[in-house]
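Beneath this line is the structure, given in structure tokens, with notes to follow.
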Amino acid sequence: LLITGLTAWFFAQNIESFAFLYTGFMRWVVMLAPLGFVIYFSARFHKMSYTGVNITFASYAMVNGSSLAFIFLVYSLGSVAQTFFITAGTFGVMALIGMTTKMDLTKMGSYLYMALIGIIIAMVVNFFLQSSLMDYIISIIGVIVFSGLTAYDVQILMRIGSHADMESENSKKFTVMGALMLYLDFINLFLFLLRFFGSRD
């Protein structure tokens, strides 16, 4: 998160670099590169070393930061900071629920991932419709889904961790994969909450 935040801040403060990233062909590279990294990470995960997995994750965090630089230009710094702390609080509470609840969240996780697919489809449709009402509804559902996914992912990772040999190479790699899952939960929760709490600059 620190790498992502610092990268976004750097590009937002350097207008020439920001203009380079967000004009012409580079705009599409910046938009699609994070998705490409996730696909590459998932496909090559088992073949990479623990060091390689860490480097790939750090590189992804940096690339993702460049794609989020616009936040500092669209929203006031105060509202971005406020939303970050709200996200951190929400994330912390849901993670604690995932760690301590006796309820099996497996079935809920299946529904949440189906809802996530629905959100992605709705966002693509609304990209063309440009409906503010639909955007508001998507944001509400997005907050609910990623809050739930945080609890679900933490519970799954706790179960895997309780049976894993943490000295093995594969187990160390899976800790990075777990970090990626929680990183994505946090980033997406932050972006959806920003639509409610962000004050446009």
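For the structure tokens, the naming scheme is as follows: chains receive sequential letters (A, B, ...) according to their order of presentation, residues are indexed from 1 within each chain, and ligands are indexed from 1 in presentation order.
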If we count only C-alpha atoms and set the cut-off at 12 Å, which residues sit around Arg159 in chain A, ignoring sequence neighbours fewer than 2 positions away in its own chain? Please answer as a ChimeraX atom specification. /A:98-100,104-106,152-157,161-164,178
Write the residues you've just listed into a file as a short mmCIF file (atom, residue, chain, number, x, y, z; two decimals), in the first residue's frame, and include all heavy atoms for each of them.
data_model
loop_
_atom_site.label_atom_id
_atom_site.label_comp_id
_atom_site.auth_asym_id
_atom_site.auth_seq_id
_atom_site.Cartn_x
_atom_site.Cartn_y
_atom_site.Cartn_z
N GLY A 98 -13.35 -12.05 10.24
CA GLY A 98 -12.89 -13.24 9.53
C GLY A 98 -11.99 -14.12 10.38
O GLY A 98 -12.01 -15.35 10.26
N MET A 99 -11.20 -13.50 11.26
CA MET A 99 -10.27 -14.24 12.12
C MET A 99 -10.98 -14.93 13.29
O MET A 99 -10.55 -15.99 13.73
CB MET A 99 -9.21 -13.29 12.68
CG MET A 99 -8.21 -12.79 11.66
SD MET A 99 -7.11 -11.53 12.35
CE MET A 99 -6.24 -12.48 13.60
N THR A 100 -12.04 -14.32 13.79
CA THR A 100 -12.63 -14.79 15.05
C THR A 100 -13.98 -15.51 14.91
O THR A 100 -14.36 -16.26 15.80
CB THR A 100 -12.82 -13.60 16.01
OG1 THR A 100 -13.65 -12.60 15.38
CG2 THR A 100 -11.48 -12.98 16.35
N ASP A 104 -18.85 -20.57 9.11
CA ASP A 104 -18.14 -20.92 7.88
C ASP A 104 -18.57 -19.96 6.77
O ASP A 104 -19.74 -19.93 6.39
CB ASP A 104 -18.47 -22.36 7.50
CG ASP A 104 -17.66 -22.84 6.30
OD1 ASP A 104 -16.84 -22.05 5.78
OD2 ASP A 104 -17.85 -24.00 5.87
N LEU A 105 -17.62 -19.18 6.28
CA LEU A 105 -17.94 -18.16 5.28
C LEU A 105 -17.77 -18.66 3.84
O LEU A 105 -17.87 -17.86 2.91
CB LEU A 105 -17.03 -16.94 5.49
CG LEU A 105 -17.11 -16.26 6.87
CD1 LEU A 105 -16.15 -15.08 6.93
CD2 LEU A 105 -18.53 -15.81 7.19
N THR A 106 -17.54 -19.96 3.67
CA THR A 106 -17.29 -20.51 2.34
C THR A 106 -18.43 -20.24 1.37
O THR A 106 -18.23 -19.77 0.25
CB THR A 106 -17.03 -22.02 2.42
OG1 THR A 106 -15.98 -22.28 3.35
CG2 THR A 106 -16.65 -22.57 1.05
N TYR A 152 -13.98 -13.04 4.36
CA TYR A 152 -13.88 -14.37 3.74
C TYR A 152 -12.42 -14.74 3.45
O TYR A 152 -11.96 -15.84 3.79
CB TYR A 152 -14.69 -14.38 2.44
CG TYR A 152 -14.44 -15.59 1.57
CD1 TYR A 152 -15.00 -16.83 1.88
CD2 TYR A 152 -13.64 -15.49 0.42
CE1 TYR A 152 -14.77 -17.93 1.08
CE2 TYR A 152 -13.41 -16.59 -0.38
CZ TYR A 152 -13.97 -17.81 -0.05
OH TYR A 152 -13.73 -18.91 -0.84
N ASP A 153 -11.67 -13.83 2.84
CA ASP A 153 -10.28 -14.11 2.48
C ASP A 153 -9.41 -14.33 3.72
O ASP A 153 -8.54 -15.21 3.73
CB ASP A 153 -9.70 -12.96 1.64
CG ASP A 153 -10.25 -12.94 0.23
OD1 ASP A 153 -10.75 -13.98 -0.23
OD2 ASP A 153 -10.19 -11.87 -0.43
N VAL A 154 -9.65 -13.53 4.77
CA VAL A 154 -8.89 -13.70 6.00
C VAL A 154 -9.16 -15.08 6.62
O VAL A 154 -8.23 -15.77 7.08
CB VAL A 154 -9.21 -12.59 7.02
CG1 VAL A 154 -8.66 -12.92 8.41
CG2 VAL A 154 -8.63 -11.27 6.54
N GLN A 155 -10.43 -15.49 6.63
CA GLN A 155 -10.76 -16.81 7.18
C GLN A 155 -10.08 -17.92 6.38
O GLN A 155 -9.52 -18.86 6.96
CB GLN A 155 -12.27 -17.03 7.20
CG GLN A 155 -12.67 -18.33 7.88
CD GLN A 155 -14.17 -18.54 7.91
OE1 GLN A 155 -14.76 -19.00 6.93
NE2 GLN A 155 -14.80 -18.22 9.04
N ILE A 156 -10.12 -17.82 5.05
CA ILE A 156 -9.48 -18.82 4.20
C ILE A 156 -7.97 -18.87 4.46
O ILE A 156 -7.38 -19.95 4.59
CB ILE A 156 -9.75 -18.53 2.71
CG1 ILE A 156 -11.23 -18.70 2.38
CG2 ILE A 156 -8.89 -19.41 1.80
CD1 ILE A 156 -11.75 -20.10 2.56
N LEU A 157 -7.35 -17.71 4.55
CA LEU A 157 -5.90 -17.65 4.78
C LEU A 157 -5.53 -18.19 6.16
O LEU A 157 -4.49 -18.83 6.33
CB LEU A 157 -5.41 -16.21 4.63
CG LEU A 157 -5.47 -15.64 3.20
CD1 LEU A 157 -5.16 -14.15 3.21
CD2 LEU A 157 -4.51 -16.39 2.28
N GLY A 161 -3.07 -21.27 6.66
CA GLY A 161 -1.89 -21.04 7.49
C GLY A 161 -1.77 -22.02 8.65
O GLY A 161 -0.65 -22.36 9.06
N SER A 162 -2.92 -22.47 9.17
CA SER A 162 -2.89 -23.38 10.32
C SER A 162 -2.35 -24.76 9.96
O SER A 162 -1.93 -25.52 10.82
CB SER A 162 -4.29 -23.51 10.92
OG SER A 162 -5.19 -24.12 9.99
N HIS A 163 -2.37 -25.10 8.66
CA HIS A 163 -1.89 -26.41 8.21
C HIS A 163 -0.61 -26.33 7.38
O HIS A 163 -0.11 -27.35 6.92
CB HIS A 163 -2.97 -27.11 7.38
CG HIS A 163 -4.26 -27.32 8.12
ND1 HIS A 163 -4.38 -28.22 9.16
CD2 HIS A 163 -5.47 -26.74 7.99
CE1 HIS A 163 -5.61 -28.20 9.63
NE2 HIS A 163 -6.30 -27.31 8.94
N ALA A 164 -0.09 -25.13 7.20
CA ALA A 164 1.06 -24.96 6.30
C ALA A 164 2.38 -25.04 7.06
O ALA A 164 2.47 -24.67 8.23
CB ALA A 164 0.96 -23.61 5.58
N GLY A 178 -1.52 -14.45 -0.52
CA GLY A 178 -2.52 -13.99 0.46
C GLY A 178 -2.47 -12.49 0.62
O GLY A 178 -3.51 -11.82 0.72
#
List the neighbours of range 10-25 of chain A out to 10 Å using only C-alpha atoms; skip same-chain residues closer than 2 positions along the sequence, and give me the result as JSON, numbers by chain. {"A": [4, 5, 6, 7, 8, 27, 28, 29, 30, 31, 65, 66, 67, 68, 69, 70, 71, 72, 73]}
Store the residues picked out above, limited to all heavy atoms, as a compact mmCIF listing (two decimals), in the first residue's frame.
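As written to disk, part-v9.txt reads:
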# COMPACT_ATOMS: atom_id res chain seq x y z
N THR A 4 2.24 1.76 -3.49
CA THR A 4 1.16 2.26 -4.35
C THR A 4 0.89 3.74 -4.09
O THR A 4 0.79 4.54 -5.02
CB THR A 4 -0.13 1.45 -4.12
OG1 THR A 4 0.12 0.08 -4.44
CG2 THR A 4 -1.26 1.96 -5.00
N GLY A 5 0.78 4.10 -2.81
CA GLY A 5 0.48 5.48 -2.45
C GLY A 5 1.58 6.44 -2.88
O GLY A 5 1.30 7.51 -3.42
N LEU A 6 2.84 6.06 -2.64
CA LEU A 6 3.96 6.93 -3.00
C LEU A 6 4.09 7.09 -4.52
O LEU A 6 4.39 8.17 -5.01
CB LEU A 6 5.27 6.38 -2.43
CG LEU A 6 5.42 6.48 -0.90
CD1 LEU A 6 6.70 5.79 -0.45
CD2 LEU A 6 5.40 7.92 -0.44
N THR A 7 3.84 6.00 -5.26
CA THR A 7 3.91 6.07 -6.72
C THR A 7 2.82 6.98 -7.26
O THR A 7 3.07 7.82 -8.14
CB THR A 7 3.76 4.66 -7.34
OG1 THR A 7 4.76 3.79 -6.82
CG2 THR A 7 3.89 4.72 -8.86
N ALA A 8 1.60 6.83 -6.74
CA ALA A 8 0.48 7.68 -7.17
C ALA A 8 0.77 9.14 -6.87
O ALA A 8 0.54 10.03 -7.69
CB ALA A 8 -0.81 7.23 -6.48
N ARG A 27 -2.31 5.86 -22.04
CA ARG A 27 -3.48 5.84 -21.16
C ARG A 27 -4.06 4.44 -21.05
O ARG A 27 -4.45 3.99 -19.97
CB ARG A 27 -4.53 6.82 -21.70
CG ARG A 27 -5.81 6.86 -20.87
CD ARG A 27 -6.78 7.88 -21.41
NE ARG A 27 -7.17 7.57 -22.78
CZ ARG A 27 -8.03 8.28 -23.49
NH1 ARG A 27 -8.58 9.36 -22.98
NH2 ARG A 27 -8.34 7.93 -24.73
N TRP A 28 -4.10 3.74 -22.20
CA TRP A 28 -4.62 2.38 -22.21
C TRP A 28 -3.65 1.41 -21.54
O TRP A 28 -4.07 0.46 -20.88
CB TRP A 28 -4.89 1.94 -23.65
CG TRP A 28 -6.02 2.70 -24.27
CD1 TRP A 28 -5.95 3.74 -25.14
CD2 TRP A 28 -7.42 2.51 -24.00
NE1 TRP A 28 -7.20 4.21 -25.44
CE2 TRP A 28 -8.13 3.47 -24.77
CE3 TRP A 28 -8.13 1.62 -23.20
CZ2 TRP A 28 -9.51 3.56 -24.74
CZ3 TRP A 28 -9.52 1.71 -23.18
CH2 TRP A 28 -10.18 2.67 -23.95
N VAL A 29 -2.36 1.67 -21.69
CA VAL A 29 -1.35 0.83 -21.01
C VAL A 29 -1.52 0.94 -19.50
O VAL A 29 -1.52 -0.07 -18.78
CB VAL A 29 0.08 1.26 -21.42
CG1 VAL A 29 1.12 0.50 -20.58
CG2 VAL A 29 0.31 1.00 -22.90
N VAL A 30 -1.67 2.17 -19.01
CA VAL A 30 -1.82 2.41 -17.57
C VAL A 30 -3.11 1.76 -17.05
O VAL A 30 -3.14 1.19 -15.96
CB VAL A 30 -1.84 3.93 -17.28
CG1 VAL A 30 -2.29 4.20 -15.85
CG2 VAL A 30 -0.46 4.52 -17.51
N MET A 31 -4.18 1.82 -17.85
CA MET A 31 -5.45 1.26 -17.43
C MET A 31 -5.41 -0.27 -17.38
O MET A 31 -5.98 -0.88 -16.48
CB MET A 31 -6.57 1.71 -18.38
CG MET A 31 -6.97 3.17 -18.21
SD MET A 31 -8.17 3.69 -19.46
CE MET A 31 -9.52 2.55 -19.16
N GLY A 65 -0.12 1.94 -8.60
CA GLY A 65 -0.01 3.31 -8.10
C GLY A 65 -0.05 4.33 -9.23
O GLY A 65 -0.70 5.37 -9.12
N SER A 66 0.62 4.00 -10.34
CA SER A 66 0.62 4.93 -11.48
C SER A 66 -0.79 5.06 -12.08
O SER A 66 -1.17 6.12 -12.56
CB SER A 66 1.60 4.44 -12.56
OG SER A 66 1.17 3.23 -13.14
N SER A 67 -1.57 3.97 -12.01
CA SER A 67 -2.93 4.03 -12.55
C SER A 67 -3.89 4.76 -11.61
O SER A 67 -4.99 5.14 -12.02
CB SER A 67 -3.45 2.61 -12.82
OG SER A 67 -3.71 1.92 -11.61
N LEU A 68 -3.48 4.96 -10.36
CA LEU A 68 -4.34 5.64 -9.38
C LEU A 68 -3.92 7.08 -9.11
O LEU A 68 -4.47 7.74 -8.23
CB LEU A 68 -4.34 4.85 -8.05
CG LEU A 68 -4.91 3.44 -8.10
CD1 LEU A 68 -4.76 2.75 -6.75
CD2 LEU A 68 -6.37 3.44 -8.53
N ALA A 69 -2.93 7.57 -9.87
CA ALA A 69 -2.42 8.93 -9.65
C ALA A 69 -3.50 9.98 -9.82
O ALA A 69 -3.46 11.05 -9.17
CB ALA A 69 -1.26 9.21 -10.61
N PHE A 70 -4.49 9.71 -10.67
CA PHE A 70 -5.54 10.69 -10.94
C PHE A 70 -6.32 11.05 -9.67
O PHE A 70 -6.92 12.14 -9.60
CB PHE A 70 -6.51 10.14 -11.99
CG PHE A 70 -7.42 9.06 -11.49
CD1 PHE A 70 -8.67 9.36 -10.96
CD2 PHE A 70 -7.02 7.73 -11.51
CE1 PHE A 70 -9.51 8.36 -10.49
CE2 PHE A 70 -7.84 6.72 -11.03
CZ PHE A 70 -9.09 7.04 -10.52
N ILE A 71 -6.32 10.16 -8.68
CA ILE A 71 -7.08 10.40 -7.46
C ILE A 71 -6.67 11.71 -6.80
O ILE A 71 -7.51 12.49 -6.32
CB ILE A 71 -6.88 9.22 -6.47
CG1 ILE A 71 -7.66 7.99 -6.96
CG2 ILE A 71 -7.34 9.60 -5.06
CD1 ILE A 71 -7.40 6.75 -6.13
N PHE A 72 -5.36 11.98 -6.79
CA PHE A 72 -4.86 13.17 -6.11
C PHE A 72 -5.19 14.46 -6.88
O PHE A 72 -5.08 15.55 -6.34
CB PHE A 72 -3.35 13.08 -5.90
CG PHE A 72 -2.95 12.03 -4.89
CD1 PHE A 72 -2.42 10.82 -5.30
CD2 PHE A 72 -3.12 12.27 -3.54
CE1 PHE A 72 -2.06 9.86 -4.36
CE2 PHE A 72 -2.76 11.32 -2.61
CZ PHE A 72 -2.23 10.10 -3.02
N LEU A 73 -5.57 14.31 -8.15
CA LEU A 73 -5.94 15.48 -8.94
C LEU A 73 -7.46 15.69 -8.96
O LEU A 73 -7.92 16.80 -9.14
CB LEU A 73 -5.43 15.33 -10.37
CG LEU A 73 -3.91 15.24 -10.53
CD1 LEU A 73 -3.54 15.11 -11.99
CD2 LEU A 73 -3.22 16.46 -9.93
Which of A:Val38, A:Met108, A:Ile144, A:Ala95 sits closest to Asn64 in chain A [using only C-alpha atoms]: A:Val38
Quick one: pull the distance between CA of Phe192 in chain A and CA of Ile138 in chain A, Å, one decimal.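 CA of Ile138 in chain A lies at a distance of 8.5 Å from CA of Phe192 in chain A.
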To one decimal in Å, tell me the separation between CA of Ser199 in chain A and CA of Val63 in chain A.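 Computing the Euclidean distance for CA of Ser199 in chain A and CA of Val63 in chain A yields 24.9 Å.
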Excluding Leu194 in chain A and its own-chain neighbours fewer than 3 positions away, which residues fall within 9 Å of it when counting only C-alpha atoms? Please give them as a PDB file with all heavy atoms, in the first residue's frame.
ATOM      1  N   TYR A  75      -9.658  14.440  -6.372  1.00  0.00           N
ATOM      2  CA  TYR A  75     -10.185  14.620  -5.022  1.00  0.00           C
ATOM      3  C   TYR A  75      -9.229  15.437  -4.165  1.00  0.00           C
ATOM      4  O   TYR A  75      -8.018  15.425  -4.382  1.00  0.00           O
ATOM      5  CB  TYR A  75     -10.430  13.263  -4.359  1.00  0.00           C
ATOM      6  CG  TYR A  75     -11.433  12.402  -5.082  1.00  0.00           C
ATOM      7  CD1 TYR A  75     -11.015  11.386  -5.938  1.00  0.00           C
ATOM      8  CD2 TYR A  75     -12.802  12.581  -4.906  1.00  0.00           C
ATOM      9  CE1 TYR A  75     -11.932  10.582  -6.602  1.00  0.00           C
ATOM     10  CE2 TYR A  75     -13.728  11.784  -5.573  1.00  0.00           C
ATOM     11  CZ  TYR A  75     -13.276  10.782  -6.416  1.00  0.00           C
ATOM     12  OH  TYR A  75     -14.192  10.008  -7.076  1.00  0.00           O
ATOM     13  N   SER A  79      -9.833  14.686   1.830  1.00  0.00           N
ATOM     14  CA  SER A  79     -10.861  13.659   1.678  1.00  0.00           C
ATOM     15  C   SER A  79     -10.246  12.312   1.317  1.00  0.00           C
ATOM     16  O   SER A  79     -10.764  11.258   1.699  1.00  0.00           O
ATOM     17  CB  SER A  79     -11.886  14.077   0.618  1.00  0.00           C
ATOM     18  OG  SER A  79     -11.321  14.098  -0.682  1.00  0.00           O
ATOM     19  N   VAL A  80      -9.123  12.323   0.585  1.00  0.00           N
ATOM     20  CA  VAL A  80      -8.418  11.075   0.270  1.00  0.00           C
ATOM     21  C   VAL A  80      -7.883  10.451   1.551  1.00  0.00           C
ATOM     22  O   VAL A  80      -8.022   9.243   1.784  1.00  0.00           O
ATOM     23  CB  VAL A  80      -7.259  11.327  -0.727  1.00  0.00           C
ATOM     24  CG1 VAL A  80      -6.397  10.066  -0.880  1.00  0.00           C
ATOM     25  CG2 VAL A  80      -7.794  11.756  -2.079  1.00  0.00           C
ATOM     26  N   THR A  83     -10.800   9.103   3.647  1.00  0.00           N
ATOM     27  CA  THR A  83     -11.318   7.857   3.091  1.00  0.00           C
ATOM     28  C   THR A  83     -10.360   6.702   3.357  1.00  0.00           C
ATOM     29  O   THR A  83     -10.788   5.574   3.614  1.00  0.00           O
ATOM     30  CB  THR A  83     -11.558   8.001   1.580  1.00  0.00           C
ATOM     31  OG1 THR A  83     -12.410   9.118   1.340  1.00  0.00           O
ATOM     32  CG2 THR A  83     -12.202   6.746   1.007  1.00  0.00           C
ATOM     33  N   PHE A  84      -9.050   6.985   3.318  1.00  0.00           N
ATOM     34  CA  PHE A  84      -8.066   5.939   3.605  1.00  0.00           C
ATOM     35  C   PHE A  84      -8.256   5.403   5.021  1.00  0.00           C
ATOM     36  O   PHE A  84      -8.260   4.181   5.239  1.00  0.00           O
ATOM     37  CB  PHE A  84      -6.645   6.474   3.437  1.00  0.00           C
ATOM     38  CG  PHE A  84      -5.575   5.469   3.781  1.00  0.00           C
ATOM     39  CD1 PHE A  84      -5.138   4.556   2.833  1.00  0.00           C
ATOM     40  CD2 PHE A  84      -5.029   5.422   5.055  1.00  0.00           C
ATOM     41  CE1 PHE A  84      -4.167   3.620   3.147  1.00  0.00           C
ATOM     42  CE2 PHE A  84      -4.051   4.494   5.384  1.00  0.00           C
ATOM     43  CZ  PHE A  84      -3.622   3.591   4.432  1.00  0.00           C
ATOM     44  N   LEU A 189     -12.028  -1.610  -1.962  1.00  0.00           N
ATOM     45  CA  LEU A 189     -12.885  -1.028  -0.936  1.00  0.00           C
ATOM     46  C   LEU A 189     -12.636   0.476  -0.832  1.00  0.00           C
ATOM     47  O   LEU A 189     -13.575   1.277  -0.744  1.00  0.00           O
ATOM     48  CB  LEU A 189     -12.601  -1.712   0.411  1.00  0.00           C
ATOM     49  CG  LEU A 189     -13.449  -1.270   1.603  1.00  0.00           C
ATOM     50  CD1 LEU A 189     -14.939  -1.491   1.341  1.00  0.00           C
ATOM     51  CD2 LEU A 189     -13.015  -2.019   2.857  1.00  0.00           C
ATOM     52  N   PHE A 190     -11.371   0.871  -0.890  1.00  0.00           N
ATOM     53  CA  PHE A 190     -10.996   2.289  -0.832  1.00  0.00           C
ATOM     54  C   PHE A 190     -11.596   3.065  -2.007  1.00  0.00           C
ATOM     55  O   PHE A 190     -12.158   4.148  -1.835  1.00  0.00           O
ATOM     56  CB  PHE A 190      -9.472   2.410  -0.842  1.00  0.00           C
ATOM     57  CG  PHE A 190      -8.965   3.810  -1.031  1.00  0.00           C
ATOM     58  CD1 PHE A 190      -9.010   4.724   0.010  1.00  0.00           C
ATOM     59  CD2 PHE A 190      -8.440   4.216  -2.253  1.00  0.00           C
ATOM     60  CE1 PHE A 190      -8.540   6.028  -0.164  1.00  0.00           C
ATOM     61  CE2 PHE A 190      -7.962   5.506  -2.430  1.00  0.00           C
ATOM     62  CZ  PHE A 190      -8.021   6.405  -1.385  1.00  0.00           C
ATOM     63  N   LEU A 191     -11.503   2.505  -3.209  1.00  0.00           N
ATOM     64  CA  LEU A 191     -11.998   3.195  -4.405  1.00  0.00           C
ATOM     65  C   LEU A 191     -13.514   3.368  -4.373  1.00  0.00           C
ATOM     66  O   LEU A 191     -14.042   4.420  -4.768  1.00  0.00           O
ATOM     67  CB  LEU A 191     -11.581   2.433  -5.666  1.00  0.00           C
ATOM     68  CG  LEU A 191     -10.083   2.457  -5.990  1.00  0.00           C
ATOM     69  CD1 LEU A 191      -9.772   1.550  -7.172  1.00  0.00           C
ATOM     70  CD2 LEU A 191      -9.609   3.881  -6.275  1.00  0.00           C
ATOM     71  N   PHE A 197     -17.098   9.465   0.049  1.00  0.00           N
ATOM     72  CA  PHE A 197     -16.455  10.386   0.988  1.00  0.00           C
ATOM     73  C   PHE A 197     -15.469  11.351   0.315  1.00  0.00           C
ATOM     74  O   PHE A 197     -15.002  12.288   0.964  1.00  0.00           O
ATOM     75  CB  PHE A 197     -15.719   9.597   2.082  1.00  0.00           C
ATOM     76  CG  PHE A 197     -16.643   8.750   2.920  1.00  0.00           C
ATOM     77  CD1 PHE A 197     -16.668   7.372   2.754  1.00  0.00           C
ATOM     78  CD2 PHE A 197     -17.467   9.326   3.850  1.00  0.00           C
ATOM     79  CE1 PHE A 197     -17.510   6.584   3.519  1.00  0.00           C
ATOM     80  CE2 PHE A 197     -18.310   8.541   4.628  1.00  0.00           C
ATOM     81  CZ  PHE A 197     -18.333   7.170   4.453  1.00  0.00           C
ATOM     82  N   GLY A 198     -15.155  11.125  -0.949  1.00  0.00           N
ATOM     83  CA  GLY A 198     -14.203  11.983  -1.633  1.00  0.00           C
ATOM     84  C   GLY A 198     -14.822  13.315  -2.049  1.00  0.00           C
ATOM     85  O   GLY A 198     -15.890  13.339  -2.665  1.00  0.00           O
ATOM     86  N   SER A 199     -14.153  14.398  -1.684  1.00  0.00           N
ATOM     87  CA  SER A 199     -14.595  15.730  -2.119  1.00  0.00           C
ATOM     88  C   SER A 199     -13.806  16.111  -3.372  1.00  0.00           C
ATOM     89  O   SER A 199     -12.584  16.155  -3.352  1.00  0.00           O
ATOM     90  CB  SER A 199     -14.329  16.765  -1.017  1.00  0.00           C
ATOM     91  OG  SER A 199     -15.065  16.441   0.141  1.00  0.00           O
TER      92      SER A 199
END
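Nearest to Ser139 in chain A of all the residues A:Leu182, A:Ala115, A:Leu77, A:Leu193 is A:Leu193, counting only C-alpha atoms.
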Please indicate the distance in Å from CA of Gly52 in chain A to CA of Lys173 in chain A, rounded to one decimal place.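 CA of Lys173 in chain A lies 9.3 Å from CA of Gly52 in chain A.
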Identify, on the basis of only C-alpha atoms, every residue whose closest approach to range 122-136 of chain A does not exceed 10 Å; exclude the query and any residue fewer than 6 positions from it along the same chain; express the result as a JSON list (two decimals) with N, CA and C atoms, in the first residue's frame.
[["chain", "number", "residue", "atom", "x", "y", "z"],
["A", 116, "LEU", "N", -19.30, -10.04, -7.49],
["A", 116, "LEU", "CA", -18.16, -9.30, -8.04],
["A", 116, "LEU", "C", -18.18, -9.33, -9.57],
["A", 142, "GLY", "N", -20.46, -2.51, -4.22],
["A", 142, "GLY", "CA", -19.01, -2.73, -4.17],
["A", 142, "GLY", "C", -18.47, -2.69, -2.76],
["A", 192, "PHE", "N", -14.22, 2.35, -3.90],
["A", 192, "PHE", "CA", -15.68, 2.47, -3.81],
["A", 192, "PHE", "C", -16.10, 3.45, -2.72],
["A", 195, "ARG", "N", -15.93, 7.21, -3.60],
["A", 195, "ARG", "CA", -17.04, 7.80, -4.34],
["A", 195, "ARG", "C", -18.07, 8.43, -3.41],
["A", 196, "PHE", "N", -18.07, 7.98, -2.14],
["A", 196, "PHE", "CA", -19.00, 8.55, -1.15],
["A", 196, "PHE", "C", -18.34, 9.66, -0.34]]
Counting only C-alpha atoms, figure out which residue out of A:Ile55, A:Ile97, A:Val74, A:Ala61 gets nearest to Met158 in chain A.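 Selected residue with least distance to Met158 in chain A: A:Ile97.
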